[in-house]
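**Student:** This is start.cif, which holds mmCIF, C-alpha atoms and all ligand atoms:
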data_run
loop_
_atom_site.label_atom_id
_atom_site.label_comp_id
_atom_site.auth_asym_id
_atom_site.auth_seq_id
_atom_site.Cartn_x
_atom_site.Cartn_y
_atom_site.Cartn_z
CA MET A 1 70.44 125.43 121.04
CA ASP A 2 70.24 129.22 120.70
CA ASN A 3 72.00 129.42 124.00
CA LEU A 4 75.09 127.83 122.49
CA ASP A 5 75.19 130.42 119.69
CA HIS A 6 74.97 133.08 122.33
CA ILE A 7 77.82 131.54 124.38
CA LEU A 8 80.07 131.21 121.32
CA ALA A 9 79.38 134.78 120.22
CA GLY A 10 80.30 135.98 123.71
CA ILE A 11 83.54 133.98 123.71
CA ALA A 12 84.51 135.25 120.24
CA ALA A 13 83.86 138.83 121.33
CA GLU A 14 85.99 138.37 124.46
CA MET A 15 88.82 136.79 122.45
CA ARG A 16 88.75 139.62 119.91
CA GLY A 17 89.69 142.04 122.66
CA MET A 18 92.55 139.97 124.11
CA GLU A 19 96.01 141.52 124.03
CA ASN A 20 98.06 138.52 125.10
CA ARG A 21 97.53 136.29 122.07
CA GLY A 22 100.71 134.15 122.27
CA LYS A 23 103.25 133.84 119.48
CA VAL A 24 102.47 132.59 115.97
CA ALA A 25 104.69 129.66 114.87
CA ASP A 26 107.48 131.00 112.67
CA TYR A 27 109.56 127.93 111.79
CA ILE A 28 108.02 127.95 108.32
CA GLN A 29 106.92 130.94 106.26
CA PRO A 30 103.32 129.80 105.50
CA LEU A 31 102.57 129.62 109.24
CA ALA A 32 104.49 132.81 110.10
CA ALA A 33 102.34 134.67 107.58
CA VAL A 34 99.05 133.94 109.40
CA SER A 35 97.49 136.89 111.26
CA PRO A 36 97.53 136.53 115.07
CA HIS A 37 94.12 138.20 115.13
CA LYS A 38 92.29 135.24 113.64
CA PHE A 39 89.89 133.44 115.94
CA GLY A 40 87.32 130.80 115.08
CA MET A 41 85.26 128.26 116.96
CA ALA A 42 82.85 125.50 115.96
CA VAL A 43 80.69 123.18 118.05
CA VAL A 44 78.84 120.19 116.61
CA THR A 45 76.43 118.64 119.11
CA ALA A 46 75.46 115.00 119.45
CA GLY A 47 72.06 116.02 118.08
CA GLY A 48 73.79 117.20 114.91
CA SER A 49 73.41 120.97 115.24
CA VAL A 50 76.39 123.08 114.12
CA HIS A 51 77.30 126.34 115.90
CA LEU A 52 79.96 128.72 114.59
CA ALA A 53 81.69 131.89 115.70
CA GLY A 54 84.41 134.17 114.28
CA ASP A 55 86.62 132.76 111.50
CA ALA A 56 85.13 129.27 111.84
CA GLU A 57 84.93 128.73 108.08
CA GLU A 58 88.53 129.67 107.29
CA ALA A 59 90.94 126.79 106.62
CA PHE A 60 94.15 126.64 108.66
CA SER A 61 97.02 124.18 108.97
CA ILE A 62 95.86 121.45 111.36
CA GLN A 63 99.44 120.25 111.98
CA SER A 64 99.58 117.86 114.95
CA ILE A 65 95.81 117.46 115.18
CA SER A 66 96.33 115.11 112.23
CA LYS A 67 98.06 112.76 114.70
CA VAL A 68 94.59 111.79 116.01
CA PHE A 69 93.41 110.78 112.53
CA ALA A 70 96.67 108.95 111.78
CA LEU A 71 96.37 107.04 115.06
CA THR A 72 92.79 106.08 114.25
CA LEU A 73 93.84 104.70 110.85
CA ALA A 74 96.85 102.84 112.33
CA ILE A 75 94.77 101.20 115.08
CA GLY A 76 92.32 100.17 112.38
CA ALA A 77 95.18 98.67 110.36
CA VAL A 78 97.14 96.77 113.03
CA GLY A 79 95.03 96.92 116.20
CA ASP A 80 96.75 96.58 119.56
CA GLN A 81 100.01 95.52 117.95
CA LEU A 82 100.64 99.22 117.52
CA TRP A 83 101.46 99.44 121.23
CA ARG A 84 104.58 97.33 120.75
CA ARG A 85 106.11 100.29 118.95
CA VAL A 86 104.72 103.32 120.75
CA GLY A 87 103.77 103.96 124.39
CA ARG A 88 100.71 105.45 126.05
CA GLU A 89 102.24 107.72 128.68
CA PRO A 90 102.47 111.51 128.76
CA SER A 91 105.96 112.59 127.79
CA GLY A 92 106.36 115.60 130.07
CA SER A 93 108.56 117.12 127.37
CA ALA A 94 108.31 119.16 124.18
CA PHE A 95 106.50 117.82 121.11
CA ASN A 96 109.75 117.40 119.21
CA SER A 97 111.99 116.26 122.06
CA ILE A 98 114.63 113.64 121.39
CA VAL A 99 115.98 113.04 124.91
CA GLN A 100 113.66 110.25 126.07
CA LEU A 101 114.24 108.20 122.95
CA GLU A 102 117.72 107.16 124.01
CA SER A 103 116.88 105.73 127.42
CA GLU A 104 113.62 104.24 126.10
CA HIS A 105 115.31 102.48 123.16
CA GLY A 106 113.60 104.28 120.34
CA ILE A 107 110.03 103.64 121.59
CA PRO A 108 108.26 107.04 121.73
CA ARG A 109 106.20 107.81 124.82
CA ASN A 110 102.91 108.27 122.96
CA PRO A 111 101.42 108.69 119.46
CA PHE A 112 100.83 112.43 119.87
CA ILE A 113 104.42 113.63 120.12
CA ASN A 114 106.30 113.91 116.83
CA ALA A 115 108.37 110.76 117.34
CA GLY A 116 105.21 108.76 118.09
CA ALA A 117 103.36 110.10 115.07
CA ILE A 118 106.34 109.32 112.85
CA VAL A 119 106.16 105.68 114.02
CA VAL A 120 102.39 105.68 113.41
CA THR A 121 103.05 106.97 109.88
CA ASP A 122 105.61 104.20 109.35
CA VAL A 123 102.96 101.66 110.40
CA LEU A 124 100.54 103.09 107.81
CA LEU A 125 103.27 102.84 105.17
CA GLY A 126 103.57 99.13 105.99
CA HIS A 127 100.30 98.84 104.07
CA HIS A 128 100.61 101.58 101.43
CA GLN A 129 102.96 103.59 99.26
CA PRO A 130 103.33 107.24 100.42
CA ARG A 131 101.01 108.57 97.74
CA GLU A 132 98.35 106.02 98.70
CA ALA A 133 98.73 106.71 102.43
CA ILE A 134 98.30 110.45 101.84
CA GLY A 135 95.27 109.71 99.63
CA GLN A 136 93.87 107.41 102.30
CA MET A 137 94.23 110.13 104.94
CA LEU A 138 92.60 112.73 102.72
CA ARG A 139 89.67 110.41 101.92
CA PHE A 140 89.34 109.62 105.63
CA VAL A 141 89.07 113.21 106.86
CA ARG A 142 86.80 114.14 103.94
CA GLU A 143 84.50 111.27 104.82
CA LEU A 144 84.56 112.08 108.55
CA ALA A 145 83.72 115.72 107.88
CA GLY A 146 81.33 114.91 105.01
CA ASP A 147 83.22 117.51 102.98
CA ASP A 148 85.16 116.80 99.79
CA THR A 149 86.74 120.23 99.63
CA ILE A 150 89.38 119.46 102.30
CA THR A 151 92.91 119.51 100.85
CA VAL A 152 96.58 119.26 101.76
CA ASP A 153 98.43 122.60 101.57
CA GLU A 154 101.41 121.64 99.40
CA ALA A 155 103.32 124.83 100.27
CA VAL A 156 103.17 123.86 103.96
CA ALA A 157 104.22 120.27 103.20
CA ARG A 158 107.20 121.51 101.17
CA ALA A 159 108.27 124.00 103.83
CA GLU A 160 108.06 121.28 106.52
CA GLN A 161 110.21 119.08 104.32
CA ASP A 162 112.80 121.82 103.78
CA THR A 163 113.13 122.72 107.46
CA GLY A 164 112.32 119.46 109.28
CA PHE A 165 115.83 118.64 110.50
CA ARG A 166 114.69 117.73 113.98
CA ASN A 167 112.01 115.40 112.67
CA LYS A 168 114.65 113.84 110.41
CA ALA A 169 116.86 113.34 113.45
CA LEU A 170 113.97 111.71 115.37
CA ALA A 171 113.17 109.37 112.50
CA ASN A 172 116.77 108.38 111.86
CA TYR A 173 117.35 107.83 115.55
CA MET A 174 114.34 105.52 115.82
CA ARG A 175 115.47 103.77 112.64
CA ALA A 176 118.76 103.02 114.40
CA PHE A 177 116.74 101.25 117.13
CA GLY A 178 114.78 99.31 114.50
CA ASN A 179 111.53 101.16 115.24
CA ILE A 180 111.20 102.71 111.78
CA HIS A 181 110.92 100.00 109.17
CA GLY A 182 110.44 101.97 105.97
CA ASP A 183 112.52 104.52 104.10
CA VAL A 184 113.03 107.54 106.39
CA GLU A 185 112.51 110.11 103.61
CA GLN A 186 109.24 108.48 102.56
CA VAL A 187 107.99 108.24 106.14
CA LEU A 188 108.74 111.91 106.76
CA GLY A 189 107.32 113.05 103.43
CA THR A 190 104.05 111.33 104.36
CA TYR A 191 104.12 112.68 107.94
CA PHE A 192 104.63 116.24 106.64
CA HIS A 193 101.68 115.88 104.27
CA PHE A 194 99.48 114.79 107.19
CA CYS A 195 100.63 117.90 109.15
CA ALA A 196 99.82 120.06 106.11
CA LEU A 197 96.11 119.17 105.99
CA ALA A 198 94.15 122.40 105.83
CA MET A 199 90.75 122.46 107.54
CA SER A 200 88.37 124.99 109.02
CA CYS A 201 86.97 124.79 112.55
CA ARG A 202 83.67 123.66 111.07
CA GLN A 203 85.31 120.84 109.11
CA LEU A 204 87.43 119.80 112.08
CA ALA A 205 84.53 119.71 114.54
CA LEU A 206 82.53 117.63 112.04
CA ALA A 207 85.51 115.30 111.56
CA GLY A 208 85.73 114.80 115.34
CA ARG A 209 82.15 113.51 115.68
CA TYR A 210 83.24 109.87 115.80
CA LEU A 211 85.16 110.57 119.01
CA MET A 212 82.15 112.21 120.64
CA ASP A 213 79.76 109.49 119.55
CA GLY A 214 81.39 106.18 120.47
CA GLY A 215 83.13 105.70 117.13
CA ARG A 216 80.18 106.58 114.87
CA THR A 217 80.07 109.56 112.52
CA THR A 218 76.48 110.50 113.36
CA ARG A 219 73.48 109.03 115.13
CA GLU A 220 71.24 109.65 112.18
CA LYS A 221 70.61 107.21 109.38
CA GLY A 222 73.59 107.34 107.06
CA GLY A 223 76.01 107.68 109.95
CA HIS A 224 78.48 104.81 110.06
CA ARG A 225 80.94 103.21 112.44
CA VAL A 226 84.53 104.44 112.06
CA ILE A 227 85.99 102.50 115.01
CA THR A 228 84.60 100.53 117.94
CA ASP A 229 83.29 102.47 120.93
CA ARG A 230 86.08 100.95 123.01
CA ARG A 231 88.74 102.34 120.70
CA ALA A 232 87.05 105.74 120.59
CA ARG A 233 87.13 105.78 124.38
CA ARG A 234 90.81 104.92 124.38
CA ILE A 235 91.76 107.58 121.83
CA ASN A 236 89.92 110.08 124.02
CA ALA A 237 91.93 108.88 127.03
CA LEU A 238 95.17 109.46 125.13
CA MET A 239 94.02 112.92 124.04
CA MET A 240 93.28 113.77 127.67
CA SER A 241 96.65 112.56 128.97
CA CYS A 242 98.94 113.40 126.03
CA GLY A 243 97.17 115.79 123.64
CA HIS A 244 98.95 118.96 124.70
CA TYR A 245 102.54 117.77 125.21
CA ASP A 246 104.05 119.18 128.36
CA ASN A 247 100.90 121.21 128.90
CA SER A 248 98.51 118.23 129.03
CA GLY A 249 98.09 118.27 132.81
CA ASP A 250 97.22 121.95 132.80
CA PHE A 251 94.77 121.47 129.91
CA ALA A 252 93.01 118.68 131.83
CA TYR A 253 92.96 120.85 134.96
CA ARG A 254 91.57 123.93 133.25
CA ILE A 255 89.32 122.40 130.61
CA GLY A 256 88.75 118.76 131.51
CA LEU A 257 88.16 117.53 127.97
CA PRO A 258 90.15 115.23 125.70
CA GLY A 259 91.87 117.53 123.23
CA LYS A 260 94.61 117.68 120.61
CA SER A 261 96.49 120.77 119.58
CA GLY A 262 98.60 121.71 116.58
CA VAL A 263 101.19 124.45 116.01
CA GLY A 264 98.85 126.03 113.44
CA GLY A 265 96.87 127.17 116.50
CA GLY A 266 94.02 124.69 116.23
CA ILE A 267 92.60 122.47 118.97
CA LEU A 268 90.11 119.64 118.55
CA ALA A 269 88.31 118.87 121.82
CA VAL A 270 85.68 116.26 122.58
CA ALA A 271 82.88 116.28 125.14
CA PRO A 272 81.94 112.58 124.92
CA GLY A 273 78.27 112.08 124.19
CA ILE A 274 77.73 115.83 124.00
CA ALA A 275 79.80 117.73 121.43
CA SER A 276 82.79 117.87 119.12
CA ILE A 277 84.55 121.22 119.33
CA ALA A 278 87.21 122.93 117.23
CA VAL A 279 88.87 126.23 118.00
CA TRP A 280 91.56 128.18 116.16
CA SER A 281 93.75 131.07 117.20
CA PRO A 282 97.28 131.05 115.72
CA GLY A 283 99.21 132.53 118.69
CA LEU A 284 100.84 129.79 120.79
CA ASN A 285 101.89 129.50 124.41
CA ALA A 286 105.34 128.30 125.50
CA SER A 287 104.36 124.64 124.99
CA GLY A 288 103.22 125.23 121.40
CA ASN A 289 99.48 125.16 122.12
CA SER A 290 97.00 127.85 121.11
CA GLN A 291 96.92 130.49 123.82
CA LEU A 292 93.42 131.79 123.14
CA GLY A 293 92.19 128.43 121.93
CA GLN A 294 92.73 127.05 125.41
CA LEU A 295 91.16 130.09 127.04
CA ALA A 296 88.13 129.87 124.75
CA LEU A 297 87.64 126.21 125.65
CA GLU A 298 87.98 127.07 129.32
CA ARG A 299 85.21 129.63 128.92
CA LEU A 300 83.04 127.14 127.02
CA VAL A 301 83.21 124.50 129.75
CA GLN A 302 82.59 127.14 132.42
CA HIS A 303 79.37 128.08 130.63
CA THR A 304 78.23 124.59 129.71
CA GLY A 305 79.54 122.27 132.43
CA TRP A 306 80.90 119.95 129.73
CA SER A 307 84.10 118.96 131.56
CA VAL A 308 84.22 115.16 131.82
CA PHE A 309 84.88 115.70 135.54
CA GLU A 310 81.60 117.51 136.03
CA PRO A 311 79.09 115.27 137.83
CA ARG A 312 76.57 114.59 135.04
CA GLY A 313 73.46 116.62 135.38
CA GLY A 314 75.36 119.29 137.30
CA ALA A 315 75.64 122.89 136.26
CA GLY A 316 78.85 124.46 135.06
CA GLY A 317 80.85 126.82 137.19
N1 LIG A 401 104.79 120.04 111.68
C1 LIG A 401 105.09 120.17 113.08
C2 LIG A 401 106.34 119.37 113.39
O1 LIG A 401 106.42 118.26 112.93
C3 LIG A 401 103.93 119.67 113.90
C4 LIG A 401 104.14 119.90 115.36
C5 LIG A 401 102.91 120.34 116.08
O2 LIG A 401 101.89 120.71 115.53
N2 LIG A 401 103.04 120.41 117.38
O3 LIG A 401 107.22 119.84 114.05
#
Translate this structure into structure tokens?

**Tutor:**
Amino acid sequence: MDNLDHILAGIAAEMRGMENRGKVADYIQPLAAVSPHKFGMAVVTAGGSVHLAGDAEEAFSIQSISKVFALTLAIGAVGDQLWRRVGREPSGSAFNSIVQLESEHGIPRNPFINAGAIVVTDVLLGHHQPREAIGQMLRFVRELAGDDTITVDEAVARAEQDTGFRNKALANYMRAFGNIHGDVEQVLGTYFHFCALAMSCRQLALAGRYLMDGGRTTREKGGHRVITDRRARRINALMMSCGHYDNSGDFAYRIGLPGKSGVGGGILAVAPGIASIAVWSPGLNASGNSQLGQLALERLVQHTGWSVFEPRGGAGG
């Protein structure tokens, strides 16, 4: 698809010239040090072709995008029992909000806010020691992306650990309600390592293929089933309704694709049956989502008609 290369090059050029790039996360030094001028985008199509633009090969901190991979592993481990401990509704509040937890008795609204992902991590630790759970996650994303060079950025993990007072409060609070079963320090240490996964747009888009393709890594021989197509559909539904915190409605309105953001400035988006897309621009909007990442995805769906709300076969617009 030469056309796709052309579209991505156009988007990257437009984004290069943008003045309003949002604000780079500064709660930890390794994120604060990233240049706001970075921009990368990668599209992997259902046919297997890979299209890149800008800084698409540069690794960045995937942060909360890891919540999608953690959820996938937890559903694989305990199935629908997971939903006894975490909800499936948009939160309508910030990613690290604590307010709802009191009235909702320590059950987080969904697996994509911090509290929900901390519960998901606790579920994974029901089956593994922290070191094993981190190893399992690393093996999982490497296998999904078909790339053994993916690593955890230990400096990011340490900085998260040193400054994560709010996450500690969330975990302790849920522990008080009996919804964290393991040792809080171990759960958080594991959660922070998941957040500290470093991946490029190319690696991330490749890792997202199973969500585009009904739970399978690729259609070709050698591709294998990661989860059932039903579960892939459901994870996509959660990404659509909850993937951008208090900005999820606006993301669905503007882009119309399941997506998950992270405070490193990355977004993984899925056009089911069509493409897996990753975009990275470190500057964030007020809800903690990549400012230009969202705009770039908006441009992409305008050009391609990939919104899930587009009548199939219709043109974009
Ligand atoms: N490490 C961040 C935190 O736990 C992740 C949040 C995010 O990416 N939105 O606060």

**Student:** Name the residues in contact with Met212 (chain A) at a cut-off of 9 Å, using only C-alpha atoms, excluding same-chain residues fewer than 5 positions from it; report them as a list of chain:residue names.

**Tutor:**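 Non-adjacent residues within range: A:Thr45, A:Ala46, A:Thr217, A:Ala232, A:Arg233, A:Asn236, A:Val270, A:Ala271, A:Pro272, A:Gly273, A:Ile274, A:Ala275, A:Ser276.
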
**Student:** Write out as a VMD selection string the residues lying within 7 Å of region 288-302 of chain A, counting only C-alpha atoms and excluding same-chain residues fewer than 3 positions away.

**Tutor:** chain A and resid 11 15 21 to 22 244 254 to 255 261 to 263 265 to 267 279 to 285 305 to 307 316 to 317

**Student:** Would you mind telling me which residue in A:Leu138, A:Ile180, A:Ile113, A:Leu188 lies nearest to Asp246 (chain A) when using only C-alpha atoms?

**Tutor:**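 Selected residue with least distance to Asp246 (chain A): A:Ile113.
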
**Student:** To one decimal place in Å, what is the distance between CA of Asp229 (chain A) and CA of Phe95 (chain A)?

**Tutor:**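 Result for CA of Asp229 (chain A) versus CA of Phe95 (chain A): 27.8 Å, one decimal.
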
**Student:** For each of A:Arg216, A:Arg84, A:Arg142, A:Lys168, take the minimum atom-to-atom distance to ligand LIG 401 (chain A), counting all atoms listed in the file, then give the residue where this is smallest.

**Tutor:**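 So, comparing all the options, the nearest one is A:Lys168.
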
**Student:** What's the 12 Å shell around Val184 (chain A), counting only C-alpha atoms, without same-chain residues fewer than 2 positions away, as a CSV table (one decimal) with C-alpha atoms, in the coordinates of the input?

**Tutor:**
chain,number,residue,atom,x,y,z
A,118,ILE,CA,106.3,109.3,112.8
A,119,VAL,CA,106.2,105.7,114.0
A,121,THR,CA,103.0,107.0,109.9
A,122,ASP,CA,105.6,104.2,109.4
A,125,LEU,CA,103.3,102.8,105.2
A,130,PRO,CA,103.3,107.2,100.4
A,167,ASN,CA,112.0,115.4,112.7
A,168,LYS,CA,114.6,113.8,110.4
A,169,ALA,CA,116.9,113.3,113.4
A,170,LEU,CA,114.0,111.7,115.4
A,171,ALA,CA,113.2,109.4,112.5
A,172,ASN,CA,116.8,108.4,111.9
A,173,TYR,CA,117.4,107.8,115.6
A,174,MET,CA,114.3,105.5,115.8
A,175,ARG,CA,115.5,103.8,112.6
A,176,ALA,CA,118.8,103.0,114.4
A,178,GLY,CA,114.8,99.3,114.5
A,179,ASN,CA,111.5,101.2,115.2
A,180,ILE,CA,111.2,102.7,111.8
A,181,HIS,CA,110.9,100.0,109.2
A,182,GLY,CA,110.4,102.0,106.0
A,186,GLN,CA,109.2,108.5,102.6
A,187,VAL,CA,108.0,108.2,106.1
A,188,LEU,CA,108.7,111.9,106.8
A,189,GLY,CA,107.3,113.0,103.4
A,190,THR,CA,104.0,111.3,104.4
A,191,TYR,CA,104.1,112.7,107.9

**Student:** Set the distance at 12 Å and use all atoms listed in the file: which residues neighbour Glu57 (chain A) once local chain neighbours fewer than 3 positions away are removed? I'd like the list as a list in words.

**Tutor:**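 After dropping sequence-adjacent residues, the list is Lys38, Phe39, Gly40, Met41, Ala42, Val50, His51, Leu52, Ala53, Gly54, Phe60, Ile150, Ala198, Met199, Ser200, Cys201, Arg202, Gln203, Leu204, Ala205, Ala278, Val279 and Trp280 of chain A.
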
**Student:** A:Cys195, A:Leu82, A:Val34, A:Ala25: which is nearest ligand LIG 401 (chain A), counting only C-alpha atoms and all ligand atoms?

**Tutor:** A:Cys195

**Student:** From the set A:Val123, A:Met137, A:Val156, A:Ile65, which residue has the shortest atom-to-atom contact distance to Gln81 (chain A), counting only C-alpha atoms?

**Tutor:** A:Val123

**Student:** Can you work out the spacing between CA of Leu206 (chain A) and CA of Glu143 (chain A) in Å, to one decimal?

**Tutor:** 9.8 Å

**Student:** Find the residues around Phe177 (chain A) up to 9 Å (all atoms listed in the file counted), leave out those fewer than 5 positions away in its own chain, and share them as a ChimeraX atom specification.

**Tutor:** /A:105-107,172

**Student:** If I take CA of Phe192 (chain A) and CA of Leu31 (chain A), how far is one from the other in Å, to one decimal?

**Tutor:** 13.8 Å

**Student:** So, counting all atoms listed in the file, which residue among A:Ala12, A:Leu4, A:Ala286, A:Ile277 is closest to ligand LIG 401 (chain A)?

**Tutor:**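 Comparing A:Ala12, A:Leu4, A:Ala286, A:Ile277 against ligand LIG 401 (chain A), the winner is A:Ala286.
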
**Student:** Using all atoms listed in the file, pick whichever of A:Ala74, A:Val152, A:Val141, A:Ser64 has the shortest atom-to-atom distance to Ala115 (chain A).

**Tutor:**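 Using all atoms listed in the file, Ala115 (chain A) sits closest to A:Ser64.
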
**Student:** Calculate, to one decimal in Å, the centre and edge lengths of the box along x, y and z of the file that holds all listed atoms of region 59-62 of chain A with 5 Å of margin on each side, and present them as JSON.

**Tutor:**
{"center_x": 94.0, "center_y": 124.1, "center_z": 109.0, "size_x": 16.1, "size_y": 15.3, "size_z": 14.7}
